[in-house]
Protein chains: 2
Amino acid sequence: MNTMPTTSTRVAAQDLTAFCLEVMRISGLSEEDSVLSTEVLVTADTWGTFTHGTRQLRGLMKDVRLGAVDPEASPTVTGEGSSWALVDAHAAMPPASAYRAMQIAIEKARETGVAYVGVRNGGHFAAAGFYAYLAARADMIGVSTGNVDPGVTVTGSRGRVLGTNPLAYAVPAGVEYPLLFDIATSAVAATKLYAAVAEGRPIPDTWLVDEDGLPTTNGSIYPELGALMPMAGHKGYGLALFVEVLSAVLSGAAITKDVHSWVMHPDKPGNQGYGFLVIAVEQIMPLAIFKERMDGLIREIRSAPKAKGVDRIYLPGEIEQEKRDIAMIEGIVLPPDVVVSLRGLAEDVGLDADTLFKSEGEGQ
Amino acid sequence: MNTMPTTSTRVAAQDLTAFCLEVMRISGLSEEDSVLSTEVLVTADTWGTFTHGTRQLRGLMKDVRLGAVDPEASPTVTGEGSSWALVDAHAAMPPASAYRAMQIAIEKARETGVAYVGVRNGGHFAAAGFYAYLAARADMIGVSTGNVDPGVTVTGSRGRVLGTNPLAYAVPAGVEYPLLFDIATSAVAATKLYAAVAEGRPIPDTWLVDEDGLPTTNGSIYPELGALMPMAGHKGYGLALFVEVLSAVLSGAAITKDVHSWVMHPDKPGNQGYGFLVIAVEQIMPLAIFKERMDGLIREIRSAPKAKGVDRIYLPGEIEQEKRDIAMIEGIVLPPDVVVSLRGLAEDVGLDADTLFKSEGEGQ
């Protein structure tokens, strides 16, 4: 038996990919679902977005074992027009379903210029930004939204009313990286709150409200009591609500409290919804001109006068894509919590994690 | 000569409408442009959104007199597909151009389900939310964005990089009011900052950065020095940037610093851009079902547990639409600054403002 590692660990993206594929094969997922889902999760790790990368595979495989995710299901298109489609994911492997739905949106936008695809009976799709990024890779503008079981309050309430409802977009550029933006519409992602509590750190009074709906610095009351605040007060409330409309109301998915948490209810399909919007730039403007305009805008922002003490201004997604370029050459430096999660996952499915972590300890 | 009124003044919406129409007729605008623009501005006043209502007509008419707005121009469609169109507004009266462009988006969405319309050579279109609201009136989901000359910094900068770039949406409901959401992507609208400075009030340290890019409570340095902060830090920066892409990069309008301020440069067409996105609900889901789902969501939020000291939870746009219902019966209570602006406008164009303010002094 190995003791649990407490340091970061460097792995090659291809080794991490092979490990995830093997885990999913053992768990009964199809080859195609495994390939698509692995790309989603490993890409997030190459971006350094570890909270939404392979760390989540253990929970997803638990959902497979206990029933929230059906490894044998496949999404079906239940309705469509020239610029839209509705997809029933039938509780299939969520990142694979979301990947396929965004591909449908991309294909439809290629024909008419703009498309919306709504998905119901989804589960936890990991990083919303990945699906927007798929559109940017196809030289299109992509928007990706998903609803989540409620953990966030709204202006005037003390209850958990809406989810952390992520909102992501990606925009292609020319020589520059695409813009890649992915946020929780809450003041902070729940994962960051849990991390602060686990490390015994106090939280700022802008993250959480207590049982009276008043700001608190006691993070340990969540999620039993209290609720996350929306970002920027009523502005974040309104954005989270729009995510709920695009992802769930219009797709036919479960709305707010009818969503089952993928973590708390691994035995019940969550019926989360996703909304994908795509604009096919080339239909509207010559692609070279659009990219030139984007590069100009990006460079103008990067060269803006810097605030005192700041060395560099970043565009949305620039840090992530620089990390990816390095990770594809030097390997991904997985933080300790991800290593723990992957080792636990290996044990869950009866794999030897040492084959993955053969170079353990080389991390930063 | 009347002395300037210092109290609020109650006017009937139809009287305010007639006044605006007469002002625009005198200023050389077409009947249709006048009717459309008046509806935009008076509607904002009925909502109580006075910063973006008829108060702005004086500046718009100044733009007409000095050349930023061409009263004889009309927008033309320069390119289109089944789900999109690009419109050149040719510096025509901005609210009328935006109104027509959103109508094109609505008609296209009616056919294919989803549509995008981008506008270039626009000017100041007043309340972004109005155009989204047009979609909701047609039982569709509408998104409305516009770019503005830079006054807002981005994460890491001390300069004015992006505009206050408004982002608005509207969603139809059944028995309930439509959702109507309209925000500046800056921490605060410039108008609120100016109001605080005019009244000698200190501002919170979350609105403005100084010449070093550090938070300041001295509002008087803006706009010569300093810059507004984006809402919610990097999240607002990313949203403002997306508004710039949808409104200006993809429409062919001026980008960031190439936009001329409608206030500072009344002699130069501003070349602002707008982006309108519409989803025709009925194409995708039976309208009655969608509306029932929206009503359910709205009621669930309204009946959520209230924070200590809160009597009522509001949905986005609910306050505005309740105010409108009252204003249509009891008249609009124009605040003093709007009355001053309308009196000044009357003087500018040689009208007698007393015909409008015959019931002056009856305001709250």
# chains A, B, ... in the order shown; residues from 1 in each chain; ligands from 1

$ interface_residues --of "chain B" --to "chain A" --cutoff "6 Å" --atoms "only C-alpha atoms" --output "ChimeraX atom specification"
/B:82-83,112-114,156-159,212-213,232,305-308,310,313

$ write_last_selection --atoms "N, CA, C and O atoms" --output "PDB file, in the first residue's frame"
ATOM      1  N   SER B  82     -30.176  33.342 -43.340  1.00  0.00           N
ATOM      2  CA  SER B  82     -31.483  32.982 -42.800  1.00  0.00           C
ATOM      3  C   SER B  82     -31.595  33.318 -41.315  1.00  0.00           C
ATOM      4  O   SER B  82     -32.677  33.617 -40.829  1.00  0.00           O
ATOM      5  N   SER B  83     -30.480  33.300 -40.580  1.00  0.00           N
ATOM      6  CA  SER B  83     -30.539  33.546 -39.133  1.00  0.00           C
ATOM      7  C   SER B  83     -29.709  34.738 -38.681  1.00  0.00           C
ATOM      8  O   SER B  83     -29.379  34.841 -37.500  1.00  0.00           O
ATOM      9  N   THR B 112     -36.439  30.753 -38.294  1.00  0.00           N
ATOM     10  CA  THR B 112     -35.444  29.687 -38.064  1.00  0.00           C
ATOM     11  C   THR B 112     -35.287  29.307 -36.593  1.00  0.00           C
ATOM     12  O   THR B 112     -34.610  28.332 -36.286  1.00  0.00           O
ATOM     13  N   GLY B 113     -35.862  30.106 -35.690  1.00  0.00           N
ATOM     14  CA  GLY B 113     -35.751  29.790 -34.266  1.00  0.00           C
ATOM     15  C   GLY B 113     -34.793  30.698 -33.518  1.00  0.00           C
ATOM     16  O   GLY B 113     -35.016  31.018 -32.361  1.00  0.00           O
ATOM     17  N   VAL B 114     -33.702  31.092 -34.168  1.00  0.00           N
ATOM     18  CA  VAL B 114     -32.671  31.890 -33.505  1.00  0.00           C
ATOM     19  C   VAL B 114     -32.116  32.891 -34.513  1.00  0.00           C
ATOM     20  O   VAL B 114     -31.996  32.557 -35.693  1.00  0.00           O
ATOM     21  N   GLY B 156      -5.998  44.516 -13.818  1.00  0.00           N
ATOM     22  CA  GLY B 156      -4.567  44.722 -14.009  1.00  0.00           C
ATOM     23  C   GLY B 156      -4.205  46.053 -14.625  1.00  0.00           C
ATOM     24  O   GLY B 156      -3.046  46.447 -14.648  1.00  0.00           O
ATOM     25  N   SER B 157      -5.207  46.784 -15.118  1.00  0.00           N
ATOM     26  CA  SER B 157      -4.926  48.059 -15.780  1.00  0.00           C
ATOM     27  C   SER B 157      -5.342  49.225 -14.898  1.00  0.00           C
ATOM     28  O   SER B 157      -6.079  49.065 -13.918  1.00  0.00           O
ATOM     29  N   ARG B 158      -4.857  50.411 -15.236  1.00  0.00           N
ATOM     30  CA  ARG B 158      -5.342  51.641 -14.609  1.00  0.00           C
ATOM     31  C   ARG B 158      -6.017  52.538 -15.643  1.00  0.00           C
ATOM     32  O   ARG B 158      -6.533  53.594 -15.318  1.00  0.00           O
ATOM     33  N   GLY B 159      -6.020  52.116 -16.888  1.00  0.00           N
ATOM     34  CA  GLY B 159      -6.552  52.952 -17.963  1.00  0.00           C
ATOM     35  C   GLY B 159      -8.021  52.694 -18.229  1.00  0.00           C
ATOM     36  O   GLY B 159      -8.620  51.766 -17.699  1.00  0.00           O
ATOM     37  N   ASP B 212      -3.175  55.504 -10.479  1.00  0.00           N
ATOM     38  CA  ASP B 212      -2.295  54.352 -10.277  1.00  0.00           C
ATOM     39  C   ASP B 212      -3.035  53.026 -10.454  1.00  0.00           C
ATOM     40  O   ASP B 212      -2.452  51.959 -10.301  1.00  0.00           O
ATOM     41  N   GLY B 213      -4.347  53.125 -10.732  1.00  0.00           N
ATOM     42  CA  GLY B 213      -5.126  51.897 -10.853  1.00  0.00           C
ATOM     43  C   GLY B 213      -5.552  51.357  -9.500  1.00  0.00           C
ATOM     44  O   GLY B 213      -5.963  50.201  -9.390  1.00  0.00           O
ATOM     45  N   ALA B 232     -17.724  43.090 -10.423  1.00  0.00           N
ATOM     46  CA  ALA B 232     -17.213  41.780 -10.008  1.00  0.00           C
ATOM     47  C   ALA B 232     -15.835  41.454 -10.579  1.00  0.00           C
ATOM     48  O   ALA B 232     -15.551  40.311 -10.925  1.00  0.00           O
ATOM     49  N   PRO B 305     -37.414  31.964   1.027  1.00  0.00           N
ATOM     50  CA  PRO B 305     -37.310  32.589   2.359  1.00  0.00           C
ATOM     51  C   PRO B 305     -36.584  33.926   2.282  1.00  0.00           C
ATOM     52  O   PRO B 305     -35.560  34.039   1.613  1.00  0.00           O
ATOM     53  N   LYS B 306     -37.138  34.921   2.941  1.00  0.00           N
ATOM     54  CA  LYS B 306     -36.595  36.274   2.840  1.00  0.00           C
ATOM     55  C   LYS B 306     -35.484  36.513   3.855  1.00  0.00           C
ATOM     56  O   LYS B 306     -35.495  35.967   4.952  1.00  0.00           O
ATOM     57  N   ALA B 307     -34.538  37.355   3.460  1.00  0.00           N
ATOM     58  CA  ALA B 307     -33.483  37.772   4.385  1.00  0.00           C
ATOM     59  C   ALA B 307     -34.094  38.664   5.448  1.00  0.00           C
ATOM     60  O   ALA B 307     -35.143  39.269   5.253  1.00  0.00           O
ATOM     61  N   LYS B 308     -33.421  38.711   6.600  1.00  0.00           N
ATOM     62  CA  LYS B 308     -33.870  39.539   7.719  1.00  0.00           C
ATOM     63  C   LYS B 308     -34.095  40.978   7.244  1.00  0.00           C
ATOM     64  O   LYS B 308     -33.226  41.579   6.614  1.00  0.00           O
ATOM     65  N   VAL B 310     -36.186  42.026   5.007  1.00  0.00           N
ATOM     66  CA  VAL B 310     -36.655  42.163   3.621  1.00  0.00           C
ATOM     67  C   VAL B 310     -38.125  41.758   3.547  1.00  0.00           C
ATOM     68  O   VAL B 310     -38.521  40.726   4.082  1.00  0.00           O
ATOM     69  N   ILE B 313     -39.165  39.763  -2.356  1.00  0.00           N
ATOM     70  CA  ILE B 313     -38.105  39.430  -3.309  1.00  0.00           C
ATOM     71  C   ILE B 313     -38.608  39.791  -4.698  1.00  0.00           C
ATOM     72  O   ILE B 313     -39.710  39.402  -5.085  1.00  0.00           O
TER      73      ILE B 313
END

$ select_by_dssp --residues "region 157-303 of chain A" --states "helix (DSSP H, G or I)" --output "number ranges by chain"
A: 190-198, 219-221, 234-249, 256-258, 281-284, 287-302

$ residues_around --residues "Gly123 (chain B)" --least-positions-apart "2" --cutoff "8 Å" --atoms "only C-alpha atoms" --output "ChimeraX atom specification"
/B:68-69,91-94,121,125,262,269-273

$ write_last_selection --atoms "N, CA and C atoms" --output "PDB file, in the first residue's frame"
ATOM      1  N   ALA B  68     -23.380  64.525 -35.214  1.00  0.00           N
ATOM      2  CA  ALA B  68     -23.121  63.132 -34.827  1.00  0.00           C
ATOM      3  C   ALA B  68     -24.250  62.215 -35.296  1.00  0.00           C
ATOM      4  N   VAL B  69     -25.476  62.754 -35.324  1.00  0.00           N
ATOM      5  CA  VAL B  69     -26.637  61.989 -35.802  1.00  0.00           C
ATOM      6  C   VAL B  69     -27.183  62.671 -37.057  1.00  0.00           C
ATOM      7  N   ALA B  91     -25.433  56.357 -39.099  1.00  0.00           N
ATOM      8  CA  ALA B  91     -25.548  57.454 -38.120  1.00  0.00           C
ATOM      9  C   ALA B  91     -26.954  58.044 -38.036  1.00  0.00           C
ATOM     10  N   ALA B  92     -27.957  57.242 -38.387  1.00  0.00           N
ATOM     11  CA  ALA B  92     -29.345  57.691 -38.242  1.00  0.00           C
ATOM     12  C   ALA B  92     -29.714  57.757 -36.758  1.00  0.00           C
ATOM     13  N   MET B  93     -30.899  58.268 -36.458  1.00  0.00           N
ATOM     14  CA  MET B  93     -31.357  58.433 -35.063  1.00  0.00           C
ATOM     15  C   MET B  93     -31.224  57.089 -34.321  1.00  0.00           C
ATOM     16  N   PRO B  94     -30.347  57.031 -33.317  1.00  0.00           N
ATOM     17  CA  PRO B  94     -29.959  55.723 -32.756  1.00  0.00           C
ATOM     18  C   PRO B  94     -31.093  54.861 -32.189  1.00  0.00           C
ATOM     19  N   ASN B 121     -22.173  51.790 -37.195  1.00  0.00           N
ATOM     20  CA  ASN B 121     -22.523  53.209 -37.383  1.00  0.00           C
ATOM     21  C   ASN B 121     -23.758  53.616 -36.586  1.00  0.00           C
ATOM     22  N   PHE B 125     -27.999  54.518 -28.011  1.00  0.00           N
ATOM     23  CA  PHE B 125     -29.350  53.951 -28.206  1.00  0.00           C
ATOM     24  C   PHE B 125     -30.211  53.971 -26.949  1.00  0.00           C
ATOM     25  N   TRP B 262     -20.953  60.117 -27.575  1.00  0.00           N
ATOM     26  CA  TRP B 262     -22.098  60.912 -28.050  1.00  0.00           C
ATOM     27  C   TRP B 262     -22.251  62.218 -27.274  1.00  0.00           C
ATOM     28  N   PRO B 269     -20.053  61.405 -35.867  1.00  0.00           N
ATOM     29  CA  PRO B 269     -20.770  60.127 -35.700  1.00  0.00           C
ATOM     30  C   PRO B 269     -19.955  59.190 -34.812  1.00  0.00           C
ATOM     31  N   GLY B 270     -20.621  58.547 -33.869  1.00  0.00           N
ATOM     32  CA  GLY B 270     -19.906  57.761 -32.869  1.00  0.00           C
ATOM     33  C   GLY B 270     -19.463  56.387 -33.340  1.00  0.00           C
ATOM     34  N   ASN B 271     -20.173  55.873 -34.357  1.00  0.00           N
ATOM     35  CA  ASN B 271     -19.931  54.505 -34.850  1.00  0.00           C
ATOM     36  C   ASN B 271     -19.954  53.472 -33.733  1.00  0.00           C
ATOM     37  N   GLN B 272     -20.935  53.608 -32.855  1.00  0.00           N
ATOM     38  CA  GLN B 272     -21.141  52.551 -31.852  1.00  0.00           C
ATOM     39  C   GLN B 272     -21.781  51.335 -32.521  1.00  0.00           C
ATOM     40  N   GLY B 273     -21.627  50.180 -31.885  1.00  0.00           N
ATOM     41  CA  GLY B 273     -22.209  48.956 -32.412  1.00  0.00           C
ATOM     42  C   GLY B 273     -23.226  48.365 -31.461  1.00  0.00           C
TER      43      GLY B 273
END

$ closest_residue --among "B:Leu342, B:Glu320, B:Asp267, B:Glu224" --to "Thr355 (chain B)" --atoms "only C-alpha atoms"
B:Leu342

$ atom_distance --atom1 "CA of Thr217 (chain B)" --atom2 "CA of Thr191 (chain B)"
16.0 Å

$ atom_distance --atom1 "CA of Ala73 (chain A)" --atom2 "CA of Ala254 (chain A)"
18.6 Å

$ residues_around --residues "Asp352 (chain A)" --least-positions-apart "6" --cutoff "12 Å" --atoms "only C-alpha atoms" --output "list in words"
Met1, Asn2, Phe19, Glu22, Val23, Leu342, Arg343, Gly344, Leu345, Ala346 and Lys358 of chain A

$ residues_around --residues "Ala96 (chain B)" --least-positions-apart "5" --cutoff "6 Å" --atoms "only C-alpha atoms" --output "mmCIF file with C-alpha atoms, in the first residue's frame"
data_model
loop_
_atom_site.group_PDB
_atom_site.id
_atom_site.type_symbol
_atom_site.label_atom_id
_atom_site.label_comp_id
_atom_site.auth_asym_id
_atom_site.auth_seq_id
_atom_site.Cartn_x
_atom_site.Cartn_y
_atom_site.Cartn_z
ATOM 1 C CA ASP B 33 -37.938 57.733 -36.542
ATOM 2 C CA LEU B 36 -39.935 54.763 -32.645
ATOM 3 C CA SER B 37 -37.452 56.864 -30.664
#

$ closest_residue --among "B:Ala136, B:Leu351, B:Leu208, B:Ala227" --to "Ala280 (chain B)" --atoms "only C-alpha atoms"
B:Ala136

$ residues_around --residues "Gly163 (chain B)" --least-positions-apart "3" --cutoff "6 Å" --atoms "only C-alpha atoms" --output "PyMOL selection string"
chain B and resi 148-152

$ write_last_selection --atoms "N, CA and C atoms" --output "short mmCIF file (atom, residue, chain, number, x, y, z; two decimals), in the first residue's frame"
data_model
loop_
_atom_site.label_atom_id
_atom_site.label_comp_id
_atom_site.auth_asym_id
_atom_site.auth_seq_id
_atom_site.Cartn_x
_atom_site.Cartn_y
_atom_site.Cartn_z
N VAL B 148 -19.61 51.12 -26.00
CA VAL B 148 -19.57 52.51 -25.57
C VAL B 148 -18.11 52.94 -25.55
N ASP B 149 -17.84 54.23 -25.73
CA ASP B 149 -16.46 54.71 -25.65
C ASP B 149 -15.87 54.38 -24.27
N PRO B 150 -14.57 54.11 -24.20
CA PRO B 150 -13.99 53.55 -22.96
C PRO B 150 -14.04 54.48 -21.76
N GLY B 151 -14.47 53.91 -20.64
CA GLY B 151 -14.48 54.62 -19.37
C GLY B 151 -14.20 53.65 -18.23
N VAL B 152 -14.03 52.37 -18.58
CA VAL B 152 -13.92 51.31 -17.59
C VAL B 152 -12.57 50.62 -17.75
#

$ select_by_dssp --residues "region 28-197 of chain A" --states "strand (DSSP E or B)" --output "MDAnalysis selection string"
chainID A and resid 76:81 84:88 114:122 141:146 152 157 162 166:171 179:184 186

$ residues_around --residues "Pro335 (chain A)" --least-positions-apart "4" --cutoff "7 Å" --atoms "only C-alpha atoms" --output "PyMOL selection string"
chain A and resi 7-9+339

$ write_last_selection --atoms "C-alpha atoms" --output "mmCIF file, in the first residue's frame"
data_model
loop_
_atom_site.group_PDB
_atom_site.id
_atom_site.type_symbol
_atom_site.label_atom_id
_atom_site.label_comp_id
_atom_site.auth_asym_id
_atom_site.auth_seq_id
_atom_site.Cartn_x
_atom_site.Cartn_y
_atom_site.Cartn_z
ATOM 1 C CA THR A 7 2.860 16.731 -3.014
ATOM 2 C CA SER A 8 2.018 17.709 -6.544
ATOM 3 C CA THR A 9 2.740 15.104 -9.186
ATOM 4 C CA VAL A 339 -3.634 12.970 -7.015
#
